[in-house]
file data01.txt (compact mmCIF, C-alpha atoms and all ligand atoms)
# COMPACT_ATOMS: atom_id res chain seq x y z
CA MET P 18 -45.59 19.10 -29.13
CA VAL P 19 -44.33 18.06 -32.55
CA ARG P 20 -41.68 15.33 -32.54
CA ALA P 21 -39.65 13.84 -35.37
CA ALA P 22 -40.66 10.22 -36.00
CA ILE P 23 -38.54 7.67 -37.83
CA THR P 24 -41.09 6.29 -40.28
CA GLY P 25 -38.69 4.24 -42.40
CA VAL P 26 -35.14 2.92 -42.54
CA ALA P 27 -32.96 1.24 -45.16
CA SER P 28 -29.30 0.45 -45.62
CA TYR P 29 -26.74 -0.73 -48.11
CA VAL P 30 -23.35 -2.37 -47.85
CA PRO P 31 -21.13 -3.08 -50.85
CA GLU P 32 -20.95 -6.59 -52.24
CA LYS P 33 -17.25 -7.23 -51.73
CA VAL P 34 -16.39 -8.89 -48.42
CA LEU P 35 -12.93 -8.64 -46.86
CA THR P 36 -12.42 -11.32 -44.21
CA ASN P 37 -9.87 -11.47 -41.43
CA PHE P 38 -8.20 -14.25 -43.40
CA ASP P 39 -7.88 -11.91 -46.41
CA LEU P 40 -6.23 -9.35 -44.11
CA GLU P 41 -3.75 -11.99 -42.88
CA LYS P 42 -2.33 -11.83 -46.41
CA LEU P 43 -1.91 -8.03 -46.30
CA VAL P 44 -0.53 -7.34 -42.81
CA ASP P 45 0.97 -9.19 -39.86
CA THR P 46 -2.28 -10.11 -38.14
CA ASN P 47 -4.50 -13.12 -37.59
CA ASP P 48 -8.17 -13.98 -37.31
CA GLU P 49 -7.85 -14.99 -33.65
CA TRP P 50 -6.33 -11.61 -32.63
CA ILE P 51 -8.92 -9.60 -34.55
CA VAL P 52 -11.91 -11.59 -33.26
CA SER P 53 -10.78 -11.64 -29.64
CA ARG P 54 -9.74 -7.95 -29.52
CA THR P 55 -12.56 -6.45 -31.62
CA GLY P 56 -15.32 -8.99 -32.42
CA ILE P 57 -14.87 -8.36 -36.16
CA ARG P 58 -14.81 -11.30 -38.60
CA GLU P 59 -15.39 -9.54 -41.92
CA ARG P 60 -16.29 -6.16 -43.40
CA HIS P 61 -17.72 -4.95 -46.72
CA ILE P 62 -15.54 -2.88 -49.03
CA ALA P 63 -16.68 -0.52 -51.80
CA ALA P 64 -15.94 -1.45 -55.38
CA GLU P 65 -13.41 0.67 -57.23
CA GLY P 66 -15.02 4.01 -57.98
CA GLU P 67 -17.92 3.39 -55.58
CA ALA P 68 -18.19 6.44 -53.33
CA SER P 69 -20.27 7.53 -50.34
CA SER P 70 -22.96 9.14 -52.54
CA ASP P 71 -23.34 5.87 -54.51
CA MET P 72 -23.91 3.80 -51.38
CA SER P 73 -26.26 6.46 -50.00
CA VAL P 74 -28.32 6.53 -53.20
CA LYS P 75 -28.76 2.74 -52.95
CA ALA P 76 -29.99 3.04 -49.34
CA VAL P 77 -32.24 6.04 -50.04
CA THR P 78 -33.76 4.49 -53.18
CA LYS P 79 -34.73 1.44 -51.12
CA LEU P 80 -36.10 3.70 -48.39
CA LEU P 81 -38.28 5.64 -50.84
CA ASP P 82 -39.49 2.42 -52.52
CA GLU P 83 -40.48 0.88 -49.23
CA THR P 84 -42.16 3.95 -47.74
CA GLY P 85 -43.86 5.03 -50.98
CA VAL P 86 -42.39 8.53 -50.68
CA LYS P 87 -41.45 10.31 -53.93
CA ALA P 88 -38.08 12.01 -54.22
CA ASP P 89 -39.71 15.37 -54.97
CA GLU P 90 -41.54 15.26 -51.62
CA ILE P 91 -38.26 15.43 -49.65
CA ASP P 92 -37.61 18.77 -47.93
CA ALA P 93 -34.02 18.21 -46.79
CA ILE P 94 -31.14 15.70 -46.92
CA ILE P 95 -28.54 15.60 -44.16
CA VAL P 96 -25.48 13.43 -44.65
CA ALA P 97 -23.19 12.46 -41.77
CA THR P 98 -19.83 11.39 -43.17
CA VAL P 99 -16.07 11.84 -42.83
CA THR P 100 -15.54 10.38 -46.28
CA PRO P 101 -17.50 12.63 -48.65
CA ASP P 102 -17.09 11.97 -52.39
CA MET P 103 -14.97 15.14 -52.53
CA MET P 104 -14.31 18.24 -50.40
CA PHE P 105 -17.14 20.02 -52.22
CA PRO P 106 -19.83 20.03 -53.49
CA SER P 107 -21.43 18.26 -50.56
CA THR P 108 -22.38 14.60 -50.73
CA ALA P 109 -25.92 15.77 -49.90
CA ALA P 110 -25.95 17.81 -53.13
CA LEU P 111 -24.71 14.83 -55.16
CA ILE P 112 -27.40 12.59 -53.64
CA GLN P 113 -30.10 15.25 -54.18
CA ASP P 114 -29.27 15.32 -57.87
CA LYS P 115 -28.94 11.55 -58.32
CA ILE P 116 -32.31 10.75 -56.72
CA GLY P 117 -34.11 13.76 -58.24
CA ALA P 118 -35.09 15.38 -54.94
CA THR P 119 -35.96 18.60 -56.76
CA LYS P 120 -37.41 20.47 -53.76
CA ALA P 121 -34.77 19.48 -51.20
CA TRP P 122 -31.91 21.43 -49.69
CA GLY P 123 -29.23 19.75 -47.62
CA TYR P 124 -25.74 19.58 -46.26
CA ASP P 125 -22.99 17.31 -44.95
CA LEU P 126 -22.03 17.09 -41.32
CA SER P 127 -18.73 15.87 -39.91
CA GLY P 128 -19.22 14.09 -36.58
CA ALA P 129 -17.19 10.93 -37.26
CA CYS P 130 -18.64 7.91 -35.44
CA SER P 131 -21.19 10.14 -33.68
CA GLY P 132 -22.16 11.77 -36.97
CA PHE P 133 -25.48 9.98 -37.35
CA LEU P 134 -26.54 11.15 -33.87
CA PHE P 135 -25.65 14.74 -34.72
CA ALA P 136 -27.49 14.47 -38.04
CA LEU P 137 -30.54 12.90 -36.41
CA LYS P 138 -30.66 15.77 -33.91
CA SER P 139 -30.37 18.28 -36.77
CA GLY P 140 -33.03 16.53 -38.84
CA SER P 141 -35.28 16.33 -35.83
CA ALA P 142 -34.96 20.09 -35.30
CA LEU P 143 -35.88 20.71 -38.95
CA VAL P 144 -38.99 18.57 -38.55
CA GLN P 145 -39.96 20.41 -35.36
CA THR P 146 -39.68 23.72 -37.21
CA GLY P 147 -41.86 22.81 -40.18
CA HIS P 148 -40.13 20.36 -42.53
CA LYS P 149 -42.40 17.45 -43.43
CA LYS P 150 -39.92 14.93 -44.85
CA VAL P 151 -36.24 14.85 -43.97
CA ILE P 152 -33.78 12.16 -45.01
CA VAL P 153 -30.92 11.57 -42.58
CA ILE P 154 -28.02 9.47 -43.85
CA GLY P 155 -25.01 7.97 -42.07
CA VAL P 156 -22.42 6.82 -44.58
CA ASP P 157 -18.71 6.17 -44.76
CA THR P 158 -16.33 4.70 -47.30
CA MET P 159 -13.62 4.03 -44.74
CA SER P 160 -11.62 1.92 -47.22
CA SER P 161 -10.83 5.18 -49.06
CA ILE P 162 -8.81 6.52 -46.09
CA LEU P 163 -7.33 3.29 -44.69
CA ASP P 164 -3.68 2.36 -44.89
CA TYR P 165 -3.72 -1.33 -45.78
CA THR P 166 -0.13 -1.62 -44.54
CA ASP P 167 -1.09 -0.52 -40.99
CA ARG P 168 -2.43 -3.43 -38.95
CA ASN P 169 -3.48 -1.08 -36.13
CA THR P 170 -6.23 0.47 -38.23
CA CYS P 171 -6.96 -1.39 -41.47
CA ILE P 172 -8.57 -4.35 -39.70
CA LEU P 173 -11.13 -2.20 -37.89
CA PHE P 174 -13.25 -0.50 -40.52
CA GLY P 175 -15.68 -1.27 -43.31
CA ASP P 176 -17.92 0.61 -45.76
CA GLY P 177 -21.69 1.11 -45.66
CA ALA P 178 -24.66 3.47 -45.62
CA GLY P 179 -27.93 3.74 -43.74
CA ALA P 180 -30.80 6.20 -44.14
CA VAL P 181 -33.91 7.10 -42.20
CA LEU P 182 -37.01 9.09 -43.09
CA LEU P 183 -38.11 11.65 -40.51
CA GLU P 184 -41.66 12.99 -40.44
CA PRO P 185 -43.59 15.03 -37.85
CA THR P 186 -45.84 13.36 -35.31
CA GLU P 187 -47.89 14.61 -32.39
CA ASP P 188 -48.49 11.09 -31.11
CA GLU P 189 -46.50 10.55 -27.90
CA ASN P 190 -46.06 6.86 -28.71
CA PHE P 191 -43.56 7.73 -31.46
CA GLY P 192 -40.60 9.93 -32.22
CA VAL P 193 -37.36 11.30 -30.82
CA ILE P 194 -37.64 11.85 -27.06
CA ASP P 195 -34.27 13.21 -25.98
CA ASP P 196 -30.58 13.51 -26.78
CA LEU P 197 -27.28 13.99 -24.98
CA LEU P 198 -24.54 15.09 -27.36
CA PHE P 199 -20.94 16.10 -26.66
CA VAL P 200 -17.69 17.25 -28.25
CA ASP P 201 -14.30 17.32 -26.52
CA GLY P 202 -11.81 18.62 -29.08
CA SER P 203 -8.87 17.97 -26.76
CA GLY P 204 -9.09 14.36 -27.98
CA GLY P 205 -8.43 15.40 -31.57
CA ASP P 206 -4.92 13.99 -31.59
CA ALA P 207 -6.13 10.43 -30.89
CA LEU P 208 -7.98 9.85 -34.18
CA TYR P 209 -7.45 11.96 -37.29
CA MET P 210 -6.33 12.30 -40.89
CA THR P 211 -3.35 14.63 -41.29
CA ALA P 212 -3.48 15.96 -44.83
CA GLY P 213 -5.92 16.95 -47.54
CA GLY P 214 -7.47 19.86 -45.62
CA SER P 215 -6.54 23.55 -45.42
CA ARG P 216 -3.82 22.91 -42.80
CA LYS P 217 -1.88 20.56 -45.07
CA PRO P 218 -3.23 20.59 -48.61
CA ALA P 219 -2.50 17.54 -50.72
CA SER P 220 1.00 17.55 -52.20
CA HIS P 221 3.49 14.97 -53.39
CA GLU P 222 5.09 15.17 -49.95
CA THR P 223 1.84 14.47 -48.08
CA VAL P 224 1.07 11.53 -50.33
CA ASP P 225 4.59 10.12 -49.98
CA ALA P 226 4.26 10.44 -46.18
CA ARG P 227 0.95 8.49 -46.30
CA GLN P 228 -0.83 11.41 -44.63
CA HIS P 229 -4.16 10.84 -46.38
CA TYR P 230 -4.83 7.84 -44.22
CA LEU P 231 -6.58 7.55 -40.87
CA VAL P 232 -4.35 7.48 -37.78
CA GLN P 233 -5.53 6.22 -34.40
CA ASP P 234 -4.14 5.88 -30.90
CA GLY P 235 -6.32 2.85 -30.25
CA ARG P 236 -5.69 2.54 -26.51
CA SER P 237 -6.59 6.17 -25.72
CA VAL P 238 -9.76 6.02 -27.80
CA PHE P 239 -10.66 2.67 -26.26
CA LYS P 240 -10.42 4.01 -22.71
CA ARG P 241 -12.53 7.09 -23.36
CA ALA P 242 -15.07 5.23 -25.52
CA SER P 243 -15.61 2.54 -22.88
CA LYS P 244 -16.18 5.16 -20.19
CA ASP P 245 -18.22 7.76 -22.05
CA MET P 246 -20.46 5.56 -24.21
CA ALA P 247 -21.49 3.62 -21.11
CA GLN P 248 -22.07 6.75 -19.02
CA VAL P 249 -24.13 8.59 -21.63
CA SER P 250 -26.35 5.52 -22.06
CA VAL P 251 -27.00 5.36 -18.33
CA ASP P 252 -27.52 9.13 -18.10
CA ILE P 253 -30.13 9.49 -20.83
CA LEU P 254 -32.25 6.69 -19.37
CA LYS P 255 -32.08 8.19 -15.90
CA LYS P 256 -32.83 11.70 -17.16
CA ASN P 257 -36.01 10.44 -18.81
CA ASN P 258 -37.10 8.16 -15.95
CA PHE P 259 -36.63 4.94 -17.87
CA THR P 260 -34.92 1.76 -16.73
CA ALA P 261 -33.01 -0.76 -18.85
CA GLU P 262 -36.08 -3.04 -18.95
CA ASP P 263 -38.07 -0.33 -20.74
CA VAL P 264 -35.71 -0.38 -23.72
CA GLY P 265 -36.69 -2.50 -26.75
CA ILE P 266 -33.27 -2.31 -28.35
CA PHE P 267 -29.91 -0.74 -27.54
CA ILE P 268 -28.05 0.17 -30.73
CA PRO P 269 -24.46 1.11 -29.83
CA HIS P 270 -21.82 2.28 -32.29
CA GLN P 271 -19.96 -0.78 -33.55
CA ALA P 272 -16.26 0.02 -33.01
CA ASN P 273 -15.23 -2.80 -30.70
CA LYS P 274 -17.28 -5.57 -29.09
CA ARG P 275 -15.46 -5.01 -25.80
CA ILE P 276 -16.57 -1.34 -25.72
CA ILE P 277 -20.16 -2.42 -26.43
CA ASP P 278 -20.03 -5.05 -23.68
CA VAL P 279 -18.94 -2.44 -21.12
CA ALA P 280 -21.79 -0.09 -22.08
CA ALA P 281 -24.41 -2.86 -22.17
CA GLN P 282 -23.33 -4.20 -18.80
CA LYS P 283 -23.18 -0.80 -17.13
CA ALA P 284 -26.64 0.17 -18.43
CA GLY P 285 -28.02 -3.24 -17.43
CA PHE P 286 -29.10 -4.65 -20.80
CA THR P 287 -29.51 -8.36 -21.57
CA ASN P 288 -27.80 -9.75 -24.69
CA GLU P 289 -31.17 -9.86 -26.48
CA GLN P 290 -31.55 -6.10 -26.02
CA VAL P 291 -28.23 -5.26 -27.69
CA LEU P 292 -27.67 -4.96 -31.43
CA LEU P 293 -24.33 -6.52 -32.29
CA ASN P 294 -23.33 -6.83 -35.94
CA ILE P 295 -19.69 -5.75 -35.81
CA ASP P 296 -18.71 -9.32 -36.79
CA LYS P 297 -20.24 -8.77 -40.27
CA TYR P 298 -19.49 -5.12 -41.00
CA GLY P 299 -16.66 -3.88 -38.77
CA ASN P 300 -16.79 -0.18 -37.96
CA THR P 301 -18.60 1.74 -40.72
CA THR P 302 -18.23 5.03 -38.75
CA ALA P 303 -21.38 7.11 -39.42
CA GLY P 304 -23.04 4.05 -40.94
CA THR P 305 -23.21 1.80 -37.88
CA LEU P 306 -26.34 3.20 -36.21
CA PRO P 307 -28.73 3.36 -39.20
CA ILE P 308 -27.41 0.02 -40.51
CA GLY P 309 -28.09 -1.42 -37.04
CA LEU P 310 -31.59 0.06 -36.91
CA ASP P 311 -32.37 -1.37 -40.34
CA GLU P 312 -31.23 -4.80 -39.18
CA VAL P 313 -33.41 -4.88 -36.05
CA VAL P 314 -36.45 -3.60 -37.97
CA ARG P 315 -36.03 -6.18 -40.76
CA GLU P 316 -35.47 -9.00 -38.28
CA LYS P 317 -38.57 -7.82 -36.39
CA ARG P 318 -36.58 -7.48 -33.18
CA ILE P 319 -38.53 -4.25 -32.60
CA LYS P 320 -41.99 -3.05 -33.49
CA ASP P 321 -43.61 0.36 -33.81
CA GLY P 322 -43.60 2.23 -30.52
CA ASP P 323 -40.66 0.33 -29.01
CA LEU P 324 -38.03 2.34 -27.16
CA VAL P 325 -34.72 2.56 -29.06
CA LEU P 326 -31.50 3.80 -27.46
CA PHE P 327 -28.66 4.89 -29.76
CA ALA P 328 -25.18 5.59 -28.35
CA ALA P 329 -21.87 6.39 -30.03
CA PHE P 330 -18.33 7.55 -29.45
CA GLY P 331 -15.76 8.66 -32.00
CA ALA P 332 -13.17 11.06 -33.36
CA GLY P 333 -13.25 14.60 -32.08
CA TYR P 334 -13.80 13.34 -29.47
CA THR P 335 -17.54 13.24 -30.15
CA TRP P 336 -20.10 11.16 -28.30
CA GLY P 337 -23.70 10.98 -27.24
CA SER P 338 -26.99 9.16 -27.13
CA ILE P 339 -30.48 9.57 -28.55
CA LEU P 340 -33.62 8.00 -27.14
CA LEU P 341 -36.69 7.53 -29.32
CA ARG P 342 -39.78 5.46 -29.96
CA TYR P 343 -39.59 3.81 -33.38
CA GLY P 344 -42.28 4.34 -36.01
CA PRO P 345 -45.05 4.64 -37.04
CA SER P 346 -43.47 2.77 -39.96
CA LYS P 347 -44.77 3.76 -43.34
CA LYS P 348 -45.52 1.07 -45.91
CA GLY P 349 -45.45 2.17 -49.54
O1 LIG P 401 -15.06 4.30 -33.97
C1 LIG P 401 -14.07 5.23 -33.67
C2 LIG P 401 -13.55 4.99 -32.34
N1 LIG P 401 -12.59 3.93 -32.36
C3 LIG P 401 -12.60 3.01 -31.40
O2 LIG P 401 -13.49 3.03 -30.57
C4 LIG P 401 -11.46 2.05 -31.35
C5 LIG P 401 -10.94 1.96 -29.95
N2 LIG P 401 -9.76 1.11 -29.82
C6 LIG P 401 -9.81 -0.23 -29.98
O3 LIG P 401 -10.83 -0.77 -30.35
C7 LIG P 401 -8.59 -1.04 -29.59
O4 LIG P 401 -7.67 -0.21 -28.93
C8 LIG P 401 -7.90 -1.73 -30.79
C9 LIG P 401 -8.75 -2.85 -31.31
C10 LIG P 401 -7.60 -0.71 -31.88
C11 LIG P 401 -6.56 -2.35 -30.32
O5 LIG P 401 -6.81 -3.27 -29.25
P1 LIG P 401 -5.95 -3.20 -27.92
O6 LIG P 401 -6.39 -4.31 -27.08
O7 LIG P 401 -6.06 -1.80 -27.39
O8 LIG P 401 -4.51 -3.50 -28.47
P2 LIG P 401 -3.20 -2.58 -28.41
O9 LIG P 401 -3.34 -1.43 -29.34
O10 LIG P 401 -2.91 -2.29 -26.97
O11 LIG P 401 -2.13 -3.56 -28.98
C12 LIG P 401 -1.77 -4.77 -28.32
C13 LIG P 401 -0.72 -5.48 -29.17
C14 LIG P 401 0.40 -4.57 -29.64
O12 LIG P 401 1.58 -5.31 -29.61
P3 LIG P 401 2.62 -5.13 -28.39
O13 LIG P 401 2.97 -3.68 -28.40
O14 LIG P 401 1.85 -5.53 -27.17
O15 LIG P 401 3.71 -6.07 -28.76
C15 LIG P 401 0.02 -4.27 -31.05
O16 LIG P 401 1.15 -3.97 -31.85
O17 LIG P 401 -1.35 -5.98 -30.35
C16 LIG P 401 -0.62 -5.55 -31.49
N3 LIG P 401 -1.54 -5.37 -32.61
C17 LIG P 401 -1.90 -6.38 -33.43
N4 LIG P 401 -1.57 -7.66 -33.46
C18 LIG P 401 -2.13 -8.43 -34.41
C19 LIG P 401 -2.18 -4.24 -33.00
N5 LIG P 401 -2.94 -4.50 -34.06
C20 LIG P 401 -2.80 -5.81 -34.36
C21 LIG P 401 -3.33 -6.66 -35.33
N6 LIG P 401 -2.97 -7.96 -35.33
N7 LIG P 401 -4.20 -6.21 -36.27

call {"tool": "encode", "arguments": {"input": "data01.txt", "output": "structure tokens"}}
result
Amino acid sequence: MVRAAITGVASYVPEKVLTNFDLEKLVDTNDEWIVSRTGIRERHIAAEGEASSDMSVKAVTKLLDETGVKADEIDAIIVATVTPDMMFPSTAALIQDKIGATKAWGYDLSGACSGFLFALKSGSALVQTGHKKVIVIGVDTMSSILDYTDRNTCILFGDGAGAVLLEPTEDENFGVIDDLLFVDGSGGDALYMTAGGSRKPASHETVDARQHYLVQDGRSVFKRASKDMAQVSVDILKKNNFTAEDVGIFIPHQANKRIIDVAAQKAGFTNEQVLLNIDKYGNTTAGTLPIGLDEVVREKRIKDGDLVLFAAFGAGYTWGSILLRYGPSKKG
């Protein structure tokens, strides 16, 4: 059976760093509260005019350089994001043009914090049905939709992009093994952006009412995220007859260290098995999982063939997990 293998990964975060101490000057908050409640110390913020396609192009260019793949060999580009450059054309189309992927088609996908999982599943299906090279990107420019007068939300998020290369393999030591993916739209009122869509098009009134910013009921999301991200991590291992010890690395969505701790504990992982970088980047929404994978590959915390478990929870509600064996990594 043909499986989609992740044969390369790269990421990019903007240069500018916004620390908790910087935020103390903007809203009524403090470093101690943010660190103890979330685990975040700093986050990277896009430069003025730097959009999701720009960050993606930086990550993809690095990915192509390192894997030796040429842009015109790419069959498809899938972009998971809730902060596209604009409503349309798609960010995938903008990236296709900027990198010169002349043979590729592609599209954007809105799955919020679970977006990269949904995109990886989609890319995997394309590979299983004949595509040879698919680029899957998780990217968000959260600073573009944050209200920097709202301490409940502006401290949580950062900007960043990560990209993987998917290629077919028939070797059972590599590739995507299984997924568990969910949507529960009844949670839509816990995390959303009110205006700018067809329900409430942008107008002077919507701007004056600050409706182009993210709104979150943190406690509700926290409760569901802690429960469901832990459960789905346990379930996918059990379904595939693996135990926690079999896993090389657990890469959970980085929204809150306390949510990650619950999932890691429930699934039975040691600290060494868990990727935790929320202190440096905050929550980059669709970016967290590929940025995390890039980090563990670069730090040689995993090697080809190791079992990787991704899990995420986010707006929608959306959540899920994907289990795979990393590699074979391609060196350009
Ligand atoms: O990735 C998408 C999914 N998103 C998530 O998974 C996020 C899930 N939610 C969370 O991570 C947490 O709910 C938060 C970090 C957002 C909030 O933590 P919490 O422990 O749930 O705090 P809370 O919302 O219950 O607020 C506790 C107190 C409140 O004050 P009172 O009402 O007790 O007087 C807040 O007003 O903390 C206050 N507060 C703050 N204080 C200092 C809220 N934000 C801040 C802040 N600095 N930035």

call {"tool": "residues_near_ligand", "arguments": {"input": "data01.txt", "ligand": "ligand LIG 401 (chain P)", "cutoff": "6 Å", "atoms": "all atoms listed in the file", "output": "list in words"}}
result
Thr46, Asn47, Trp50, Arg54, Thr55, Cys130, Arg168, Asn169, Ile172, Gly235, Arg236, Val238, Phe239, Ala242, Ala272, Asn273, Thr302, Gly331 and Ala332 of chain P

call {"tool": "atom_distance", "arguments": {"input": "data01.txt", "atom1": "atom CA of Ala142 of chain P", "atom2": "atom CA of Leu208 of chain P"}}
result
28.9 Å

call {"tool": "closest_atom_pairs", "arguments": {"input": "data01.txt", "of": "segment 82-111 of chain P", "to": "segment 144-164 of chain P", "cutoff": "7 Å", "atoms": "only C-alpha atoms", "output": "tab-separated table"}}
result
residue	atom	partner	partner_atom	distance
P:Glu90	CA	P:Lys150	CA	7.0
P:Ile91	CA	P:Lys150	CA	5.1
P:Asp92	CA	P:Lys150	CA	5.4
P:Ala93	CA	P:Val151	CA	4.9
P:Ile94	CA	P:Ile152	CA	4.8
P:Ile95	CA	P:Val153	CA	4.9
P:Val96	CA	P:Ile154	CA	4.8
P:Ala97	CA	P:Gly155	CA	4.9
P:Thr98	CA	P:Val156	CA	5.4
P:Val99	CA	P:Asp157	CA	6.5
P:Thr100	CA	P:Asp157	CA	5.5

call {"tool": "residues_around", "arguments": {"input": "data01.txt", "residues": "segment 73-86 of chain P", "least_positions_apart": "3", "cutoff": "8 Å", "atoms": "only C-alpha atoms", "output": "NGL selection string"}}
result
:P and (24-29 or 69-70 or 90 or 112 or 115-116 or 154 or 156 or 178-182 or 346-349)

call {"tool": "atom_distance", "arguments": {"input": "data01.txt", "atom1": "atom CA of Thr305 of chain P", "atom2": "atom CA of Val44 of chain P"}}
result
24.9 Å

call {"tool": "residues_near_point", "arguments": {"input": "data01.txt", "point": "(-21.9, 11.5, -26.5)", "cutoff": "12 Å", "atoms": "all atoms listed in the file", "output": "ChimeraX atom specification"}}
result
/P:128-135,196-201,241-253,269-270,327-339

call {"tool": "residues_around", "arguments": {"input": "data01.txt", "residues": "Gly285 of chain P", "least_positions_apart": "2", "cutoff": "12 Å", "atoms": "all atoms listed in the file", "output": "compact mmCIF listing (two decimals) with C-alpha atoms, in the frame of the given file"}}
result
# COMPACT_ATOMS: atom_id res chain seq x y z
CA ALA P 247 -21.49 3.62 -21.11
CA GLN P 248 -22.07 6.75 -19.02
CA SER P 250 -26.35 5.52 -22.06
CA VAL P 251 -27.00 5.36 -18.33
CA LEU P 254 -32.25 6.69 -19.37
CA PHE P 259 -36.63 4.94 -17.87
CA THR P 260 -34.92 1.76 -16.73
CA ALA P 261 -33.01 -0.76 -18.85
CA GLU P 262 -36.08 -3.04 -18.95
CA ASP P 263 -38.07 -0.33 -20.74
CA VAL P 264 -35.71 -0.38 -23.72
CA PHE P 267 -29.91 -0.74 -27.54
CA ILE P 277 -20.16 -2.42 -26.43
CA ASP P 278 -20.03 -5.05 -23.68
CA VAL P 279 -18.94 -2.44 -21.12
CA ALA P 280 -21.79 -0.09 -22.08
CA ALA P 281 -24.41 -2.86 -22.17
CA GLN P 282 -23.33 -4.20 -18.80
CA LYS P 283 -23.18 -0.80 -17.13
CA THR P 287 -29.51 -8.36 -21.57
CA ASN P 288 -27.80 -9.75 -24.69
CA GLU P 289 -31.17 -9.86 -26.48
CA GLN P 290 -31.55 -6.10 -26.02
CA VAL P 291 -28.23 -5.26 -27.69

call {"tool": "atom_distance", "arguments": {"input": "data01.txt", "atom1": "atom CA of Glu184 of chain P", "atom2": "atom CA of Ile23 of chain P"}}
result
6.7 Å

call {"tool": "closest_residue", "arguments": {"input": "data01.txt", "among": "P:Glu312, P:Glu32, P:Glu65, P:Glu41", "to": "Tyr165 of chain P", "atoms": "all atoms listed in the file"}}
result
P:Glu41

call {"tool": "closest_residue", "arguments": {"input": "data01.txt", "among": "P:Asp296, P:Leu43, P:Ala303, P:Lys255", "to": "Pro101 of chain P", "atoms": "all atoms listed in the file"}}
result
P:Ala303

call {"tool": "residues_near_point", "arguments": {"input": "data01.txt", "point": "(-34.2, -4.7, -31.5)", "cutoff": "7 Å", "atoms": "all atoms listed in the file", "output": "PyMOL selection string"}}
result
chain P and resi 265-266+290+292+313-314+318-319

call {"tool": "write_last_selection", "arguments": {"input": "data01.txt", "atoms": "C-alpha atoms", "output": "PDB file, in the frame of the given file"}}
result
ATOM      1  CA  GLY P 265     -36.690  -2.500 -26.750  1.00  0.00           C
ATOM      2  CA  ILE P 266     -33.270  -2.310 -28.350  1.00  0.00           C
ATOM      3  CA  GLN P 290     -31.550  -6.100 -26.020  1.00  0.00           C
ATOM      4  CA  LEU P 292     -27.670  -4.960 -31.430  1.00  0.00           C
ATOM      5  CA  VAL P 313     -33.410  -4.880 -36.050  1.00  0.00           C
ATOM      6  CA  VAL P 314     -36.450  -3.600 -37.970  1.00  0.00           C
ATOM      7  CA  ARG P 318     -36.580  -7.480 -33.180  1.00  0.00           C
ATOM      8  CA  ILE P 319     -38.530  -4.250 -32.600  1.00  0.00           C
TER       9      ILE P 319
END

call {"tool": "closest_residue", "arguments": {"input": "data01.txt", "among": "P:Ile51, P:Ala22, P:Ala64, P:Ala118", "to": "Lys87 of chain P", "atoms": "only C-alpha atoms"}}
result
P:Ala118

call {"tool": "closest_residue", "arguments": {"input": "data01.txt", "among": "P:Pro185, P:Gly177, P:Gly304, P:Gly205", "to": "Lys33 of chain P", "atoms": "all atoms listed in the file"}}
result
P:Gly177

call {"tool": "residues_around", "arguments": {"input": "data01.txt", "residues": "segment 211-227 of chain P", "least_positions_apart": "3", "cutoff": "9 Å", "atoms": "all atoms listed in the file", "output": "list in words"}}
result
Met104, Asp164, Tyr230, Leu231 and Val232 of chain P

call {"tool": "write_last_selection", "arguments": {"input": "data01.txt", "atoms": "C-alpha atoms", "output": "PDB file, in the frame of the given file"}}
result
ATOM      1  CA  MET P 104     -14.310  18.240 -50.400  1.00  0.00           C
ATOM      2  CA  ASP P 164      -3.680   2.360 -44.890  1.00  0.00           C
ATOM      3  CA  TYR P 230      -4.830   7.840 -44.220  1.00  0.00           C
ATOM      4  CA  LEU P 231      -6.580   7.550 -40.870  1.00  0.00           C
ATOM      5  CA  VAL P 232      -4.350   7.480 -37.780  1.00  0.00           C
TER       6      VAL P 232
END

call {"tool": "closest_residue", "arguments": {"input": "data01.txt", "among": "P:Leu306, P:Arg342, P:Ala63, P:Asp234", "to": "Ala136 of chain P", "atoms": "all atoms listed in the file"}}
result
P:Leu306

call {"tool": "closest_residue", "arguments": {"input": "data01.txt", "among": "P:Asn190, P:Thr170, P:Thr119, P:Thr36", "to": "Gly322 of chain P", "atoms": "all atoms listed in the file"}}
result
P:Asn190
